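Engineer: Structure in structure tokens, see below.
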Amino acid sequence: VHGLGCQGSVWEPLQSYLDKRGLTCFAPTRLAPHRPNALPAHRAPDLGFDDFVSEVRHLCAASRRRTGHSPIVIGHSMGGLIAQVIAAERRCSKAVFLAPAPPRAVPNRSPWMLWCFANVLMSGDTKRYHKAWRRGALDVLFHPLDRRQGEQIYRDMVFEPGRLFADMASGVALSADGLRIPTLTVAAGRDRAVPAAVVRRIADYFSSAPV
């Protein structure tokens with residue numbers, strides 16, 4: 001499950017790696033018709049975080065019908081938060097949270113995150129499309145890359161409905177008691193958007209889970 005501004009194609013290297021090891025991987029773009037690459041003139045649809053979660057719920061159910069088994073869900077950033085919800089609802093057999101956005105109980109007060117989405121925070125308009133502003137994305141999301149790579153990836157980023165950002169800012173309530181499947185939480189040492197210290201607090205928060 002990809003994160004904000006991303007498409008399913010970001011998983012191609014990992015998908016290839018897992019495919020070669022006998023795992024069938026599915027990494028679609030979430031709500032693709034409503035996440036344009038160019039800023040549209042029309043207003044954004046009223047789609048929020050739960051609409052993205054609902055699509056993953058349907059995909060998990062379809063996978064279970066097709067294979068007879070609940071899938072393993074891997075999520076990054078916002079997708080990592082979606083994976084936390086799916087895991088808490090026990091719609092998957094295992095879950096991996098890669099540098100995940102935290103639940104409400106674990107605030108991410110990284111100044112880098114505020115810088116990255118300063119344009120969205122200043123706008124506050126839930127009825128329009130947004131994506132991280134160029135300078136913020138280059139400084140925060142793509143800082144380990146050379147400028148040319150960062151610019152190219154920024155051009156490929158898609159716009160998200162404004163209500164999604166509002167929902168993420170409000171936070172998603174999750175209880176560690178709901179996690180009754182094996183989970184793995186992974187931090188990236190050079191990540192500025194969700195710093196390793198925040199990911200450590202997420203892992204600590206879920207350490208009281210029954211499994």
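Letters for chains follow the order of the structure tokens (A, B, ...), residue numbers begin at 1 for each chain, and ligand numbers begin at 1 in the order shown.
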For range 156-171 of chain A, please output as a ChimeraX atom specification all residues within 8 Å (counting only C-alpha atoms; exclusion window: fewer than 5 positions along the same chain).

Structural biologist: /A:4-7,34-39,44-49,103-104,120,124-131

Engineer: Keeping only C-alpha atoms, take the residues you just selected and write them out as a compact mmCIF listing (two decimals), in the first residue's frame.

Structural biologist:
```txt
# COMPACT_ATOMS: atom_id res chain seq x y z
CA LEU A 4 0.72 10.11 -0.18
CA GLY A 5 1.46 11.35 -3.67
CA CYS A 6 2.68 7.93 -4.79
CA GLN A 7 1.39 5.32 -7.20
CA HIS A 34 -9.32 10.58 -8.22
CA ARG A 35 -5.57 11.22 -7.89
CA PRO A 36 -4.45 13.19 -10.98
CA ASN A 37 -0.86 13.90 -12.00
CA ALA A 38 -1.74 17.45 -13.10
CA LEU A 39 -3.70 19.90 -10.95
CA ALA A 44 -11.59 17.67 -5.40
CA PRO A 45 -14.04 14.88 -4.54
CA ASP A 46 -15.04 14.43 -0.91
CA LEU A 47 -12.73 11.47 -0.32
CA GLY A 48 -10.85 10.95 2.92
CA PHE A 49 -8.68 8.44 4.72
CA PRO A 103 -1.70 6.62 14.77
CA ARG A 104 -3.19 9.50 16.75
CA VAL A 120 -1.35 22.36 2.48
CA GLY A 124 -6.58 24.42 4.77
CA ASP A 125 -8.93 23.99 1.79
CA THR A 126 -10.41 20.48 1.87
CA LYS A 127 -12.30 21.03 -1.37
CA ARG A 128 -9.26 21.32 -3.61
CA TYR A 129 -6.42 19.02 -4.63
CA HIS A 130 -3.01 19.27 -2.97
CA LYS A 131 0.45 17.79 -3.02
```

Engineer: Find the residues around Gln15 in chain A up to 10 Å (only C-alpha atoms counted), leave out those fewer than 6 positions away in its own chain, and share them as a VMD selection string.

Structural biologist: chain A and resid 9 21 23 to 27

Engineer: In Å, rounded to a single decimal, give me how far CA of Arg30 in chain A is from CA of Thr185 in chain A.

Structural biologist: 21.8 Å

Engineer: Enumerate the residues of chain A with a DSSP assignment of strand (DSSP E or B), computed from the backbone, and present them as a list in words.

Structural biologist: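 Going through chain A, the strand (DSSP E or B) residues come out as Ile72, Val73, Ile74, Gly75, His76, Lys94, Ala95, Val96, Phe97, Leu98, Tyr129, His130, Glu160, Pro161, Thr183, Leu184, Thr185 and Val186 of chain A.
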
Engineer: Could you turn the residues from that selection into a file that holds all heavy atoms, as a tab-separated table (two decimals), in the first residue's frame?

Structural biologist:
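Wrote result-v1.tsv, looks like this:
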```tsv
chain	number	residue	atom	x	y	z
A	72	ILE	N	-0.83	-10.99	3.18
A	72	ILE	CA	0.11	-10.19	3.97
A	72	ILE	C	0.05	-8.78	3.40
A	72	ILE	O	0.12	-8.60	2.18
A	72	ILE	CB	1.54	-10.74	3.85
A	72	ILE	CG1	1.61	-12.16	4.41
A	72	ILE	CG2	2.54	-9.83	4.57
A	72	ILE	CD1	2.92	-12.87	4.09
A	73	VAL	N	-0.08	-7.79	4.26
A	73	VAL	CA	-0.18	-6.40	3.80
A	73	VAL	C	1.10	-5.65	4.19
A	73	VAL	O	1.53	-5.70	5.34
A	73	VAL	CB	-1.41	-5.70	4.39
A	73	VAL	CG1	-1.41	-4.21	4.06
A	73	VAL	CG2	-2.68	-6.34	3.85
A	74	ILE	N	1.70	-4.97	3.21
A	74	ILE	CA	2.88	-4.15	3.42
A	74	ILE	C	2.51	-2.71	3.06
A	74	ILE	O	2.01	-2.46	1.96
A	74	ILE	CB	4.06	-4.61	2.55
A	74	ILE	CG1	4.39	-6.08	2.82
A	74	ILE	CG2	5.29	-3.74	2.77
A	74	ILE	CD1	5.44	-6.66	1.87
A	75	GLY	N	2.74	-1.78	3.97
A	75	GLY	CA	2.39	-0.40	3.71
A	75	GLY	C	3.51	0.55	4.06
A	75	GLY	O	4.25	0.33	5.03
A	76	HIS	N	3.64	1.62	3.27
A	76	HIS	CA	4.67	2.64	3.50
A	76	HIS	C	4.02	3.99	3.75
A	76	HIS	O	3.06	4.38	3.06
A	76	HIS	CB	5.59	2.74	2.28
A	76	HIS	CG	6.48	3.95	2.32
A	76	HIS	ND1	6.35	4.99	1.43
A	76	HIS	CD2	7.49	4.29	3.17
A	76	HIS	CE1	7.25	5.92	1.71
A	76	HIS	NE2	7.95	5.53	2.76
A	94	LYS	N	-0.62	-11.16	8.22
A	94	LYS	CA	0.57	-10.51	8.76
A	94	LYS	C	0.63	-9.11	8.16
A	94	LYS	O	0.00	-8.84	7.14
A	94	LYS	CB	1.85	-11.27	8.40
A	94	LYS	CG	1.94	-12.70	8.91
A	94	LYS	CD	3.25	-13.34	8.46
A	94	LYS	CE	3.35	-14.78	8.95
A	94	LYS	NZ	2.40	-15.67	8.25
A	95	ALA	N	1.41	-8.22	8.79
A	95	ALA	CA	1.51	-6.86	8.25
A	95	ALA	C	2.91	-6.31	8.50
A	95	ALA	O	3.53	-6.60	9.52
A	95	ALA	CB	0.46	-5.95	8.88
A	96	VAL	N	3.37	-5.50	7.54
A	96	VAL	CA	4.66	-4.82	7.65
A	96	VAL	C	4.39	-3.33	7.50
A	96	VAL	O	3.75	-2.89	6.54
A	96	VAL	CB	5.65	-5.29	6.57
A	96	VAL	CG1	7.00	-4.56	6.73
A	96	VAL	CG2	5.85	-6.80	6.64
A	97	PHE	N	4.90	-2.54	8.46
A	97	PHE	CA	4.74	-1.09	8.44
A	97	PHE	C	6.11	-0.47	8.15
A	97	PHE	O	6.99	-0.49	9.00
A	97	PHE	CB	4.22	-0.58	9.78
A	97	PHE	CG	3.07	-1.37	10.35
A	97	PHE	CD1	3.02	-1.68	11.71
A	97	PHE	CD2	2.03	-1.83	9.55
A	97	PHE	CE1	1.97	-2.40	12.26
A	97	PHE	CE2	0.97	-2.55	10.07
A	97	PHE	CZ	0.94	-2.85	11.44
A	98	LEU	N	6.27	0.08	6.94
A	98	LEU	CA	7.56	0.66	6.54
A	98	LEU	C	7.52	2.18	6.73
A	98	LEU	O	6.76	2.87	6.06
A	98	LEU	CB	7.85	0.34	5.07
A	98	LEU	CG	7.99	-1.13	4.68
A	98	LEU	CD1	8.19	-1.26	3.17
A	98	LEU	CD2	9.16	-1.77	5.42
A	129	TYR	N	-7.49	20.00	-4.60
A	129	TYR	CA	-6.42	19.02	-4.63
A	129	TYR	C	-5.12	19.64	-4.10
A	129	TYR	O	-4.87	20.83	-4.27
A	129	TYR	CB	-6.17	18.54	-6.06
A	129	TYR	CG	-7.16	17.50	-6.56
A	129	TYR	CD1	-8.22	17.86	-7.38
A	129	TYR	CD2	-7.01	16.17	-6.22
A	129	TYR	CE1	-9.11	16.91	-7.86
A	129	TYR	CE2	-7.89	15.21	-6.69
A	129	TYR	CZ	-8.93	15.58	-7.52
A	129	TYR	OH	-9.80	14.64	-7.99
A	130	HIS	N	-4.28	18.80	-3.49
A	130	HIS	CA	-3.01	19.27	-2.97
A	130	HIS	C	-1.93	18.21	-3.21
A	130	HIS	O	-2.22	17.02	-3.33
A	130	HIS	CB	-3.07	19.50	-1.46
A	130	HIS	CG	-4.05	20.52	-1.01
A	130	HIS	ND1	-3.82	21.87	-1.08
A	130	HIS	CD2	-5.29	20.37	-0.46
A	130	HIS	CE1	-4.86	22.52	-0.60
A	130	HIS	NE2	-5.77	21.64	-0.22
A	160	GLU	N	-3.65	14.83	-4.23
A	160	GLU	CA	-4.58	14.12	-3.37
A	160	GLU	C	-5.77	15.01	-3.01
A	160	GLU	O	-5.62	16.23	-2.89
A	160	GLU	CB	-3.89	13.71	-2.07
A	160	GLU	CG	-2.61	12.90	-2.23
A	160	GLU	CD	-2.88	11.44	-2.55
A	160	GLU	OE1	-4.04	11.07	-2.84
A	160	GLU	OE2	-1.92	10.65	-2.52
A	161	PRO	N	-6.96	14.42	-2.80
A	161	PRO	CA	-8.10	15.21	-2.33
A	161	PRO	C	-7.80	15.87	-0.99
A	161	PRO	O	-7.17	15.27	-0.11
A	161	PRO	CB	-9.21	14.17	-2.18
A	161	PRO	CG	-8.80	13.03	-3.07
A	161	PRO	CD	-7.31	13.00	-3.03
A	183	THR	N	3.22	-8.56	13.31
A	183	THR	CA	3.52	-7.33	12.58
A	183	THR	C	5.01	-7.00	12.71
A	183	THR	O	5.67	-7.39	13.68
A	183	THR	CB	2.71	-6.14	13.09
A	183	THR	OG1	3.06	-5.86	14.46
A	183	THR	CG2	1.21	-6.40	13.00
A	184	LEU	N	5.51	-6.29	11.72
A	184	LEU	CA	6.90	-5.82	11.72
A	184	LEU	C	6.89	-4.33	11.42
A	184	LEU	O	6.30	-3.90	10.43
A	184	LEU	CB	7.72	-6.57	10.66
A	184	LEU	CG	9.16	-6.10	10.44
A	184	LEU	CD1	10.01	-6.39	11.66
A	184	LEU	CD2	9.76	-6.79	9.21
A	185	THR	N	7.54	-3.55	12.26
A	185	THR	CA	7.61	-2.10	12.07
A	185	THR	C	9.05	-1.73	11.73
A	185	THR	O	9.97	-2.07	12.48
A	185	THR	CB	7.16	-1.36	13.34
A	185	THR	OG1	5.85	-1.80	13.69
A	185	THR	CG2	7.14	0.14	13.12
A	186	VAL	N	9.26	-1.04	10.61
A	186	VAL	CA	10.59	-0.77	10.08
A	186	VAL	C	10.81	0.74	9.95
A	186	VAL	O	9.97	1.44	9.37
A	186	VAL	CB	10.79	-1.44	8.70
A	186	VAL	CG1	12.20	-1.21	8.19
A	186	VAL	CG2	10.50	-2.94	8.79
```

Engineer: Taking only C-alpha atoms into account, name the residue in A:Ala41, A:Val211, A:Ile181, A:Ala132 that is nearest to Glu89 in chain A.

Structural biologist: A:Ile181

Engineer: Find, counting only C-alpha atoms, the residue in A:Gln152, A:Arg134, A:Cys92, A:Asp139 that gets nearest to Pro111 in chain A.

Structural biologist: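 Looking only at the distances to Pro111 in chain A, the closest residue turns out to be A:Asp139.
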
Engineer: What residues in range 19-170 of chain A get the DSSP label helix (DSSP H, G or I)? Please answer as a VMD selection string.

Structural biologist: chain A and resid 19 32 to 34 49 to 67 78 to 88 111 to 116 118 to 123 134 to 141 147 to 156 162 to 170
